[in-house]
file work_26.txt (compact mmCIF, C-alpha atoms and all ligand atoms)
# COMPACT_ATOMS: atom_id res chain seq x y z
CA MET Y 1488 89.80 79.65 -53.68
CA SER Y 1489 91.28 77.22 -51.21
CA GLU Y 1490 89.62 73.94 -50.39
CA VAL Y 1491 87.63 73.60 -47.16
CA LEU Y 1492 87.00 70.07 -45.90
CA VAL Y 1493 83.72 69.45 -44.08
CA LEU Y 1494 83.27 66.27 -42.05
CA VAL Y 1495 79.73 65.10 -42.85
CA ASP Y 1496 77.55 64.57 -39.76
CA HIS Y 1497 75.21 61.68 -40.51
CA ALA Y 1498 73.59 58.52 -39.17
CA GLU Y 1499 73.82 55.65 -41.70
CA GLY Y 1500 73.72 58.18 -44.53
CA GLU Y 1501 70.89 60.26 -43.08
CA VAL Y 1502 72.52 63.66 -43.20
CA ARG Y 1503 71.98 65.80 -40.10
CA LYS Y 1504 71.03 69.46 -40.35
CA THR Y 1505 74.49 70.41 -39.04
CA THR Y 1506 76.04 69.20 -42.29
CA GLY Y 1507 74.08 71.75 -44.36
CA GLU Y 1508 75.12 74.41 -41.86
CA MET Y 1509 78.80 73.44 -42.08
CA LEU Y 1510 78.75 73.33 -45.90
CA THR Y 1511 77.06 76.75 -45.99
CA ALA Y 1512 79.78 78.15 -43.70
CA ALA Y 1513 82.50 76.46 -45.77
CA ARG Y 1514 81.22 78.02 -49.02
CA ARG Y 1515 81.76 81.47 -47.53
CA ILE Y 1516 85.47 80.89 -47.18
CA GLY Y 1517 86.44 78.58 -50.04
CA ASP Y 1518 85.54 75.56 -52.14
CA ALA Y 1519 83.51 73.27 -49.90
CA SER Y 1520 84.40 69.58 -50.09
CA ALA Y 1521 82.42 67.08 -48.05
CA VAL Y 1522 84.21 64.19 -46.36
CA PHE Y 1523 81.80 61.29 -45.97
CA VAL Y 1524 82.96 58.64 -43.52
CA GLY Y 1525 81.18 55.31 -43.05
CA ALA Y 1526 78.27 53.50 -44.64
CA GLY Y 1527 75.16 54.91 -46.35
CA PHE Y 1528 76.71 57.26 -48.88
CA ASP Y 1529 74.01 56.78 -51.51
CA ALA Y 1530 71.36 58.17 -49.15
CA ALA Y 1531 73.51 61.23 -48.42
CA LYS Y 1532 74.61 62.15 -51.94
CA GLU Y 1533 71.68 64.38 -52.86
CA ALA Y 1534 71.75 66.40 -49.63
CA LEU Y 1535 75.48 67.04 -49.97
CA ALA Y 1536 75.09 68.26 -53.54
CA ALA Y 1537 72.12 70.44 -52.56
CA HIS Y 1538 74.23 72.22 -49.96
CA GLY Y 1539 76.98 72.95 -52.45
CA ALA Y 1540 79.65 70.33 -51.85
CA ALA Y 1541 81.85 70.91 -54.89
CA LYS Y 1542 83.51 67.58 -54.29
CA VAL Y 1543 82.85 64.61 -52.00
CA TYR Y 1544 85.59 62.44 -50.54
CA ARG Y 1545 84.09 59.09 -49.74
CA LEU Y 1546 85.71 56.89 -47.13
CA GLU Y 1547 83.87 53.61 -46.89
CA ALA Y 1548 85.72 50.82 -45.13
CA PRO Y 1549 84.91 48.52 -42.19
CA GLU Y 1550 87.23 50.63 -39.98
CA PHE Y 1551 84.81 53.54 -40.32
CA ASP Y 1552 81.56 51.67 -39.74
CA GLU Y 1553 81.35 52.49 -36.05
CA TYR Y 1554 82.50 56.06 -36.58
CA LEU Y 1555 85.61 55.58 -34.46
CA VAL Y 1556 87.33 58.88 -33.82
CA GLY Y 1557 90.87 57.49 -34.27
CA PRO Y 1558 90.50 56.26 -37.86
CA THR Y 1559 88.46 59.33 -38.81
CA ALA Y 1560 91.12 61.72 -37.49
CA GLU Y 1561 93.88 59.73 -39.20
CA ALA Y 1562 91.99 59.68 -42.51
CA LEU Y 1563 91.33 63.43 -42.32
CA ALA Y 1564 95.02 64.08 -41.58
CA GLN Y 1565 95.97 62.12 -44.70
CA LEU Y 1566 93.36 64.00 -46.72
CA VAL Y 1567 94.63 67.38 -45.49
CA GLN Y 1568 98.11 66.41 -46.62
CA ARG Y 1569 96.93 65.23 -50.07
CA THR Y 1570 94.60 68.15 -50.80
CA GLY Y 1571 96.51 70.98 -49.13
CA ALA Y 1572 93.19 72.14 -47.62
CA ALA Y 1573 93.64 75.21 -45.41
CA THR Y 1574 90.53 74.68 -43.28
CA VAL Y 1575 88.63 71.72 -41.84
CA ILE Y 1576 85.16 72.18 -40.37
CA LEU Y 1577 83.66 69.54 -38.07
CA PRO Y 1578 80.46 69.35 -36.00
CA SER Y 1579 80.68 70.60 -32.40
CA SER Y 1580 79.53 67.22 -31.09
CA PRO Y 1581 81.60 65.28 -28.53
CA GLU Y 1582 82.89 63.04 -31.37
CA GLY Y 1583 83.53 66.01 -33.68
CA LYS Y 1584 85.57 67.76 -31.02
CA GLU Y 1585 87.60 64.66 -30.29
CA VAL Y 1586 88.38 64.17 -33.98
CA ALA Y 1587 89.29 67.88 -34.19
CA GLY Y 1588 91.69 67.64 -31.25
CA ARG Y 1589 93.43 64.57 -32.63
CA LEU Y 1590 93.60 66.07 -36.11
CA ALA Y 1591 95.19 69.23 -34.67
CA VAL Y 1592 97.92 67.16 -33.01
CA MET Y 1593 98.51 65.07 -36.15
CA THR Y 1594 98.81 68.12 -38.40
CA ALA Y 1595 100.54 70.40 -35.84
CA SER Y 1596 97.71 72.89 -36.29
CA GLY Y 1597 95.46 75.05 -34.17
CA VAL Y 1598 91.87 74.17 -33.32
CA ILE Y 1599 88.94 76.41 -32.38
CA THR Y 1600 85.89 74.66 -30.92
CA ASP Y 1601 82.25 75.78 -30.60
CA ALA Y 1602 82.40 78.40 -33.35
CA VAL Y 1603 79.15 80.17 -34.20
CA ASP Y 1604 80.37 81.65 -37.48
CA VAL Y 1605 83.29 81.58 -39.91
CA GLN Y 1606 84.20 84.23 -42.46
CA ALA Y 1607 87.12 84.83 -44.81
CA GLY Y 1608 89.46 87.18 -42.98
CA GLU Y 1609 93.00 88.23 -42.43
CA GLY Y 1610 95.29 85.26 -41.97
CA GLY Y 1611 92.77 82.90 -43.57
CA VAL Y 1612 89.58 82.13 -41.73
CA SER Y 1613 88.14 84.37 -39.05
CA VAL Y 1614 86.20 82.41 -36.41
CA THR Y 1615 83.49 83.84 -34.16
CA LYS Y 1616 82.66 82.34 -30.79
CA SER Y 1617 80.01 83.26 -28.27
CA VAL Y 1618 81.44 83.13 -24.73
CA PHE Y 1619 80.31 83.72 -21.14
CA ALA Y 1620 76.78 82.47 -21.81
CA GLY Y 1621 76.38 84.63 -24.89
CA GLY Y 1622 77.47 87.80 -23.08
CA TRP Y 1623 80.56 88.31 -25.26
CA THR Y 1624 81.56 87.50 -28.81
CA THR Y 1625 85.18 86.79 -29.71
CA THR Y 1626 86.80 86.66 -33.14
CA SER Y 1627 90.02 84.74 -33.62
CA HIS Y 1628 92.03 82.91 -36.24
CA VAL Y 1629 94.39 79.96 -36.29
CA ALA Y 1630 97.91 81.26 -36.71
CA LYS Y 1631 99.67 77.96 -37.37
CA GLY Y 1632 98.95 75.11 -39.77
CA VAL Y 1633 95.47 74.18 -40.87
CA ALA Y 1634 92.48 76.00 -39.33
CA ILE Y 1635 90.48 73.25 -37.62
CA VAL Y 1636 87.08 74.53 -36.51
CA THR Y 1637 84.12 72.84 -34.87
CA LEU Y 1638 80.81 74.58 -35.62
CA LYS Y 1639 77.96 74.64 -33.10
CA PRO Y 1640 74.68 73.23 -34.41
CA ASN Y 1641 72.01 75.82 -35.26
CA SER Y 1642 74.43 78.76 -35.35
CA VAL Y 1643 74.56 79.16 -39.15
CA THR Y 1644 71.45 78.94 -41.31
CA ALA Y 1645 71.85 76.18 -43.89
CA GLU Y 1646 71.38 77.51 -47.41
CA GLU Y 1647 70.89 75.44 -50.52
CA ALA Y 1648 73.36 76.12 -53.32
CA VAL Y 1649 71.52 77.02 -56.49
CA GLY Y 1650 73.30 75.77 -59.59
CA GLU Y 1651 76.65 75.53 -57.83
CA ALA Y 1652 76.78 71.91 -56.83
CA ALA Y 1653 79.10 69.59 -58.66
CA ASP Y 1654 78.84 65.87 -58.23
CA GLU Y 1655 82.46 64.82 -58.25
CA VAL Y 1656 82.88 61.90 -55.90
CA VAL Y 1657 86.41 60.89 -55.06
CA GLU Y 1658 86.85 57.43 -53.56
CA VAL Y 1659 89.81 57.67 -51.21
CA GLU Y 1660 92.14 54.87 -50.19
CA PHE Y 1661 93.87 55.20 -46.84
CA SER Y 1662 96.77 53.43 -45.28
CA ASP Y 1663 96.83 52.15 -41.71
CA VAL Y 1664 93.90 54.19 -40.43
CA ALA Y 1665 92.61 51.48 -38.13
CA LYS Y 1666 95.85 51.02 -36.23
CA GLY Y 1667 94.99 50.21 -32.63
CA ALA Y 1668 91.29 51.04 -33.07
CA ARG Y 1669 88.79 48.63 -31.59
CA ILE Y 1670 85.22 48.86 -30.27
CA VAL Y 1671 85.19 47.66 -26.68
CA SER Y 1672 81.60 48.60 -25.93
CA SER Y 1673 78.75 50.32 -27.62
CA GLU Y 1674 75.50 51.70 -26.31
CA GLU Y 1675 72.21 51.08 -28.02
CA LYS Y 1676 70.47 54.33 -28.85
CA ALA Y 1677 67.41 54.96 -26.71
CA ALA Y 1678 64.39 53.79 -28.67
CA SER Y 1679 62.13 56.70 -27.68
CA GLY Y 1680 61.23 57.40 -31.29
CA ARG Y 1681 61.64 61.13 -30.60
CA PRO Y 1682 63.63 63.36 -32.93
CA GLU Y 1683 67.21 64.30 -32.06
CA LEU Y 1684 67.43 67.33 -29.80
CA THR Y 1685 69.54 69.53 -32.09
CA GLU Y 1686 67.52 68.55 -35.16
CA ALA Y 1687 63.99 68.87 -33.77
CA ALA Y 1688 61.56 71.54 -34.96
CA ILE Y 1689 59.93 71.52 -31.51
CA VAL Y 1690 61.67 71.02 -28.15
CA VAL Y 1691 59.91 70.65 -24.80
CA SER Y 1692 62.27 70.94 -21.82
CA GLY Y 1693 61.76 70.24 -18.16
CA GLY Y 1694 63.60 71.68 -15.19
CA ARG Y 1695 63.77 71.43 -11.42
CA GLY Y 1696 60.07 72.28 -11.31
CA THR Y 1697 59.28 68.76 -12.53
CA GLY Y 1698 60.56 67.41 -9.22
CA GLY Y 1699 61.99 64.50 -11.23
CA ASP Y 1700 58.69 63.49 -12.83
CA PHE Y 1701 59.16 64.06 -16.56
CA ASP Y 1702 55.89 62.29 -17.53
CA PRO Y 1703 53.96 65.52 -18.28
CA VAL Y 1704 56.93 66.90 -20.24
CA GLU Y 1705 57.35 63.72 -22.28
CA GLY Y 1706 53.61 63.36 -22.82
CA PHE Y 1707 53.34 66.90 -24.13
CA ALA Y 1708 56.46 66.45 -26.28
CA ASP Y 1709 55.07 63.28 -27.82
CA SER Y 1710 51.75 64.93 -28.63
CA LEU Y 1711 53.73 67.48 -30.69
CA GLY Y 1712 56.34 65.09 -32.14
CA ALA Y 1713 58.95 67.05 -30.19
CA ALA Y 1714 62.33 66.26 -28.68
CA VAL Y 1715 62.76 66.43 -24.89
CA GLY Y 1716 65.38 68.67 -23.28
CA ALA Y 1717 66.32 69.38 -19.68
CA SER Y 1718 67.89 72.10 -17.58
CA ARG Y 1719 71.15 71.46 -15.81
CA ALA Y 1720 69.37 71.29 -12.46
CA ALA Y 1721 67.33 68.35 -13.79
CA VAL Y 1722 70.41 66.69 -15.26
CA ASP Y 1723 72.53 67.21 -12.14
CA ALA Y 1724 69.74 65.63 -10.08
CA GLY Y 1725 70.01 62.53 -12.30
CA TRP Y 1726 66.47 62.93 -13.70
CA TYR Y 1727 67.53 63.21 -17.31
CA PRO Y 1728 70.73 62.31 -19.26
CA HIS Y 1729 73.41 64.92 -19.86
CA SER Y 1730 72.98 64.52 -23.62
CA SER Y 1731 69.58 66.24 -23.17
CA GLN Y 1732 70.95 69.27 -21.31
CA VAL Y 1733 70.18 72.55 -23.03
CA GLY Y 1734 72.48 75.45 -22.30
CA GLN Y 1735 75.97 76.77 -22.01
CA THR Y 1736 77.45 73.44 -20.94
CA GLY Y 1737 74.92 71.38 -22.88
CA VAL Y 1738 73.60 71.59 -26.42
CA THR Y 1739 72.39 74.64 -28.33
CA VAL Y 1740 68.96 74.30 -29.89
CA SER Y 1741 67.19 76.65 -32.25
CA PRO Y 1742 63.81 75.07 -32.97
CA GLN Y 1743 60.66 76.69 -34.34
CA LEU Y 1744 59.08 76.22 -30.91
CA TYR Y 1745 60.77 75.86 -27.51
CA VAL Y 1746 58.69 75.09 -24.44
CA ALA Y 1747 60.35 75.49 -21.03
CA ALA Y 1748 58.44 73.84 -18.20
CA GLY Y 1749 59.51 74.36 -14.60
CA ILE Y 1750 62.67 76.16 -15.71
CA SER Y 1751 63.57 79.52 -14.15
CA GLY Y 1752 65.50 80.88 -17.14
CA ALA Y 1753 69.07 81.24 -15.83
CA ILE Y 1754 71.50 82.92 -18.25
CA GLN Y 1755 73.34 79.62 -18.77
CA HIS Y 1756 70.09 77.95 -19.87
CA ARG Y 1757 69.18 80.85 -22.16
CA ALA Y 1758 72.56 80.51 -23.89
CA GLY Y 1759 71.35 77.22 -25.34
CA MET Y 1760 67.83 78.19 -26.47
CA GLN Y 1761 67.56 81.96 -26.90
CA THR Y 1762 67.62 81.78 -30.72
CA SER Y 1763 64.48 79.59 -30.80
CA LYS Y 1764 61.85 81.14 -33.07
CA THR Y 1765 58.95 81.01 -30.57
CA ILE Y 1766 59.51 80.53 -26.85
CA VAL Y 1767 56.79 79.40 -24.42
CA ALA Y 1768 57.25 79.00 -20.67
CA VAL Y 1769 55.13 77.28 -18.06
CA ASN Y 1770 56.12 78.33 -14.56
CA LYS Y 1771 54.13 78.74 -11.37
CA ASP Y 1772 56.18 81.79 -10.33
CA GLU Y 1773 55.06 84.83 -12.31
CA GLU Y 1774 58.34 86.56 -11.35
CA ALA Y 1775 60.48 83.81 -12.91
CA PRO Y 1776 63.18 85.37 -15.18
CA ILE Y 1777 62.17 83.12 -18.09
CA PHE Y 1778 59.04 85.25 -18.58
CA SER Y 1779 61.21 88.21 -19.67
CA MET Y 1780 62.18 86.39 -22.87
CA VAL Y 1781 59.07 84.45 -23.88
CA ASP Y 1782 56.60 84.95 -26.69
CA PHE Y 1783 53.88 83.24 -24.63
CA GLY Y 1784 53.94 82.60 -20.90
CA VAL Y 1785 51.62 80.47 -18.78
CA VAL Y 1786 51.69 81.11 -15.03
CA GLY Y 1787 50.61 77.79 -13.63
CA ASP Y 1788 51.55 74.37 -12.35
CA LEU Y 1789 53.13 72.27 -15.09
CA PHE Y 1790 51.41 69.18 -13.69
CA GLU Y 1791 48.07 70.78 -14.57
CA VAL Y 1792 48.95 72.85 -17.64
CA LEU Y 1793 50.91 70.26 -19.65
CA PRO Y 1794 48.39 67.38 -19.34
CA GLN Y 1795 45.56 69.78 -20.29
CA ALA Y 1796 47.51 70.98 -23.33
CA THR Y 1797 48.38 67.40 -24.28
CA GLU Y 1798 44.74 66.39 -24.07
CA LYS Y 1799 43.71 69.32 -26.25
CA ILE Y 1800 46.26 68.39 -28.90
CA THR Y 1801 45.68 64.65 -28.91
CA GLY Y 1802 41.91 65.18 -28.72
CA SER Y 1803 41.95 67.34 -31.81
CA GLN Y 1804 44.05 64.87 -33.85
P1 LIG Q 1901 65.54 76.41 -10.93
O1 LIG Q 1901 66.34 77.61 -11.17
O2 LIG Q 1901 65.50 75.87 -9.53
O3 LIG Q 1901 64.07 76.74 -11.42
C1 LIG Q 1901 62.99 75.88 -11.25
C2 LIG Q 1901 61.74 76.64 -11.70
O4 LIG Q 1901 60.65 75.77 -11.68
C3 LIG Q 1901 61.38 77.83 -10.80
O5 LIG Q 1901 61.28 79.00 -11.59
C4 LIG Q 1901 60.03 77.44 -10.19
O6 LIG Q 1901 59.17 78.55 -10.05
C5 LIG Q 1901 59.51 76.49 -11.22
N1 LIG Q 1901 58.56 75.50 -10.71
C6 LIG Q 1901 58.65 74.75 -9.60
N2 LIG Q 1901 57.62 73.89 -9.53
C7 LIG Q 1901 56.84 74.11 -10.62
C8 LIG Q 1901 55.65 73.53 -11.10
N3 LIG Q 1901 55.03 72.52 -10.46
N4 LIG Q 1901 55.13 74.01 -12.25
C9 LIG Q 1901 55.71 75.02 -12.93
N5 LIG Q 1901 56.87 75.60 -12.52
C10 LIG Q 1901 57.43 75.14 -11.37
N6 LIG Q 1901 71.85 75.41 -16.63
C11 LIG Q 1901 71.29 74.89 -17.73
O7 LIG Q 1901 70.06 74.71 -17.81
N7 LIG Q 1901 72.08 74.53 -18.80
C12 LIG Q 1901 73.42 74.68 -18.81
O8 LIG Q 1901 74.08 74.32 -19.79
C13 LIG Q 1901 74.04 75.26 -17.65
N8 LIG Q 1901 75.38 75.46 -17.61
C14 LIG Q 1901 75.92 76.08 -16.51
C15 LIG Q 1901 77.28 76.38 -16.49
C16 LIG Q 1901 77.83 77.02 -15.40
C17 LIG Q 1901 79.29 77.34 -15.42
C18 LIG Q 1901 77.02 77.36 -14.29
C19 LIG Q 1901 77.61 78.05 -13.10
C20 LIG Q 1901 75.69 77.04 -14.28
C21 LIG Q 1901 75.11 76.40 -15.38
N9 LIG Q 1901 73.75 76.08 -15.42
C22 LIG Q 1901 73.20 75.59 -16.56
C23 LIG Q 1901 72.89 76.19 -14.19
C24 LIG Q 1901 72.03 77.42 -14.16
O9 LIG Q 1901 72.73 78.49 -13.57
C25 LIG Q 1901 70.76 77.13 -13.31
O10 LIG Q 1901 71.16 76.72 -12.03
C26 LIG Q 1901 69.86 76.07 -13.91
O11 LIG Q 1901 69.56 76.37 -15.25
C27 LIG Q 1901 68.54 76.03 -13.11
O12 LIG Q 1901 67.73 75.02 -13.60
P2 LIG Q 1901 66.15 75.12 -13.43
O13 LIG Q 1901 65.66 76.35 -14.10
O14 LIG Q 1901 65.56 73.82 -13.84
O15 LIG Q 1901 65.98 75.19 -11.84

call {"tool": "encode", "arguments": {"input": "work_26.txt", "output": "structure tokens"}}
result
Amino acid sequence: MSEVLVLVDHAEGEVRKTTGEMLTAARRIGDASAVFVGAGFDAAKEALAAHGAAKVYRLEAPEFDEYLVGPTAEALAQLVQRTGAATVILPSSPEGKEVAGRLAVMTASGVITDAVDVQAGEGGVSVTKSVFAGGWTTTSHVAKGVAIVTLKPNSVTAEEAVGEAADEVVEVEFSDVAKGARIVSSEEKAASGRPELTEAAIVVSGGRGTGGDFDPVEGFADSLGAAVGASRAAVDAGWYPHSSQVGQTGVTVSPQLYVAAGISGAIQHRAGMQTSKTIVAVNKDEEAPIFSMVDFGVVGDLFEVLPQATEKITGSQ
């Protein structure tokens, strides 16, 4: 079987759920090898083995500490050349896509972004994408060079590899990867203490119905230990950051519980949350389209319903 390189998605060694999903997808099409870039490898080792990384390439050097896309792409290009890997899978995050694009140029290969599935197929790997807000599914393959694929979070279910994992760790030396790379600014992560949107088991999202006041949404989210999301209307109005936008042009979430408050349920919003296990909506319009897809719906004003629900939860804790 050919080798499939998976760029590990992690924060200081804390492996994100996407990594298990990418390794699971990689194992379907070849021998999965994890590529760990940056600091914190010891914390990540167990999770990588559990998800069936047959081999781990470890790149730990100061150049990688800030997860700069340039050095990462350059290092992956060198690794592709050394290993002869036919496929590289990366997370569909803004950074993952930028690394993928650069890697495609460096290796004269094709790239497919936002995949929801990969399978072994004719001409190597067959890549499935969901397009037009989930209305259509396309299957394609990369005809030239290495197949570089970014996988959307929550589209493949991460499976543990029973008895398959090897623990071969290859320390890799690279030449010249930091050429021209320099941090000119960096943003401190918001210290909300909430889980990451794509990782959270519960997501509470607010829309235009909040009128810009996200206090009830955040209060309810915090009572449940949930992440906070937003509709595009709320993001476009400047009420919440774009990184929190759920939907076709935002992130895809697939939590155990998704609560939509003051969100009408446009098809582009559904595209980012319709695979959630249980969906609850709070909307004062009983005709709102969101009610056609929910498990539980509350017709009411979010400024009354959410604080009451928050009080119930915090009161019972
Ligand atoms: P609205 O549609 O205005 O709905 C507001 C809802 O709040 C209404 O149903 C109203 O009854 C309810 N409400 C009002 N006040 C209250 C209250 N006090 N209590 C309870 N309920 C109340 N949208 C996304 O979300 N994500 C995307 O990624 C995205 N991508 C897009 C890409 C393209 C190419 C296009 C064309 C559109 C995209 N959109 C996306 C926009 C999408 O079409 C909708 O316009 C958007 O989702 C609407 O947001 P909303 O539901 O918050 O607002």

call {"tool": "closest_atom_pairs", "arguments": {"input": "work_26.txt", "of": "chain Y", "to": "ligand LIG 1901 (chain Q)", "cutoff": "8 Å", "atoms": "all atoms listed in the file", "output": "tab-separated table"}}
result
residue	atom	partner	partner_atom	distance
Y:Gly1693	CA	Q:LIG1901	O14	6.8
Y:Gly1694	CA	Q:LIG1901	O14	3.2
Y:Arg1695	CA	Q:LIG1901	O14	3.8
Y:Gly1696	CA	Q:LIG1901	C6	3.3
Y:Thr1697	CA	Q:LIG1901	N3	6.0
Y:Gly1698	CA	Q:LIG1901	N2	7.1
Y:Ala1717	CA	Q:LIG1901	O7	6.8
Y:Ser1718	CA	Q:LIG1901	O7	3.4
Y:Arg1719	CA	Q:LIG1901	C11	3.9
Y:Ala1720	CA	Q:LIG1901	O12	4.2
Y:Ala1721	CA	Q:LIG1901	O14	5.7
Y:Gln1732	CA	Q:LIG1901	N7	5.9
Y:Val1733	CA	Q:LIG1901	N7	5.0
Y:Gly1734	CA	Q:LIG1901	O8	3.2
Y:Gln1735	CA	Q:LIG1901	O8	3.8
Y:Thr1736	CA	Q:LIG1901	O8	3.7
Y:Gly1737	CA	Q:LIG1901	O8	4.3
Y:Val1738	CA	Q:LIG1901	O8	7.2
Y:Ala1748	CA	Q:LIG1901	C9	6.1
Y:Gly1749	CA	Q:LIG1901	O4	3.4
Y:Ile1750	CA	Q:LIG1901	O13	3.4
Y:Ser1751	CA	Q:LIG1901	O5	3.5
Y:Gly1752	CA	Q:LIG1901	O13	5.5
Y:Ala1753	CA	Q:LIG1901	O11	4.9
Y:Ile1754	CA	Q:LIG1901	O9	6.6
Y:Gln1755	CA	Q:LIG1901	C13	4.6
Y:His1756	CA	Q:LIG1901	O7	3.8
Y:Arg1757	CA	Q:LIG1901	O7	7.6
Y:Ala1758	CA	Q:LIG1901	O8	7.6
Y:Gly1759	CA	Q:LIG1901	O8	6.8
Y:Val1769	CA	Q:LIG1901	C9	5.6
Y:Asn1770	CA	Q:LIG1901	N5	3.5
Y:Lys1771	CA	Q:LIG1901	N5	4.3
Y:Asp1772	CA	Q:LIG1901	O6	4.4
Y:Glu1773	CA	Q:LIG1901	O6	7.8
Y:Ala1775	CA	Q:LIG1901	O5	5.1
Y:Pro1776	CA	Q:LIG1901	O5	7.6
Y:Ile1777	CA	Q:LIG1901	O5	7.7
Y:Val1786	CA	Q:LIG1901	C9	7.6
Y:Gly1787	CA	Q:LIG1901	C9	5.8
Y:Asp1788	CA	Q:LIG1901	N4	3.6
Y:Leu1789	CA	Q:LIG1901	N4	3.9
Y:Phe1790	CA	Q:LIG1901	N3	5.9

call {"tool": "closest_residue", "arguments": {"input": "work_26.txt", "among": "Y:Met1509, Y:Ile1635, Y:Leu1684, Y:Ala1796", "to": "Val1704 in chain Y", "atoms": "all atoms listed in the file"}}
result
Y:Ala1796

call {"tool": "residues_near_point", "arguments": {"input": "work_26.txt", "point": "(72.4, 73.9, -44.2)", "cutoff": "10 Å", "atoms": "only C-alpha atoms", "output": "list in words"}}
result
Arg1503, Lys1504, Thr1505, Thr1506, Gly1507, Glu1508, Met1509, Leu1510, Thr1511, Ala1512, Ala1534, Leu1535, Ala1537, His1538, Gly1539, Asn1641, Val1643, Thr1644, Ala1645, Glu1646, Glu1647 and Ala1648 of chain Y

call {"tool": "closest_residue", "arguments": {"input": "work_26.txt", "among": "Y:Ile1689, Y:Ile1576, Y:Ala1526, Y:Ala1548", "to": "Ala1498 in chain Y", "atoms": "only C-alpha atoms"}}
result
Y:Ala1526

call {"tool": "residues_around", "arguments": {"input": "work_26.txt", "residues": "Val1618 in chain Y", "least_positions_apart": "3", "cutoff": "10 Å", "atoms": "all atoms listed in the file", "output": "PyMOL selection string"}}
result
chain Y and resi 1601-1602+1615+1621-1625+1735+1758

call {"tool": "residues_around", "arguments": {"input": "work_26.txt", "residues": "Val1575 in chain Y", "least_positions_apart": "5", "cutoff": "8 Å", "atoms": "only C-alpha atoms", "output": "list in words"}}
result
Val1491, Leu1492, Val1493, Leu1494, Val1633, Ala1634, Ile1635 and Val1636 of chain Y

call {"tool": "closest_residue", "arguments": {"input": "work_26.txt", "among": "Y:Gly1632, Y:Pro1640, Y:Pro1682, Y:Pro1703", "to": "Thr1600 in chain Y", "atoms": "all atoms listed in the file"}}
result
Y:Pro1640
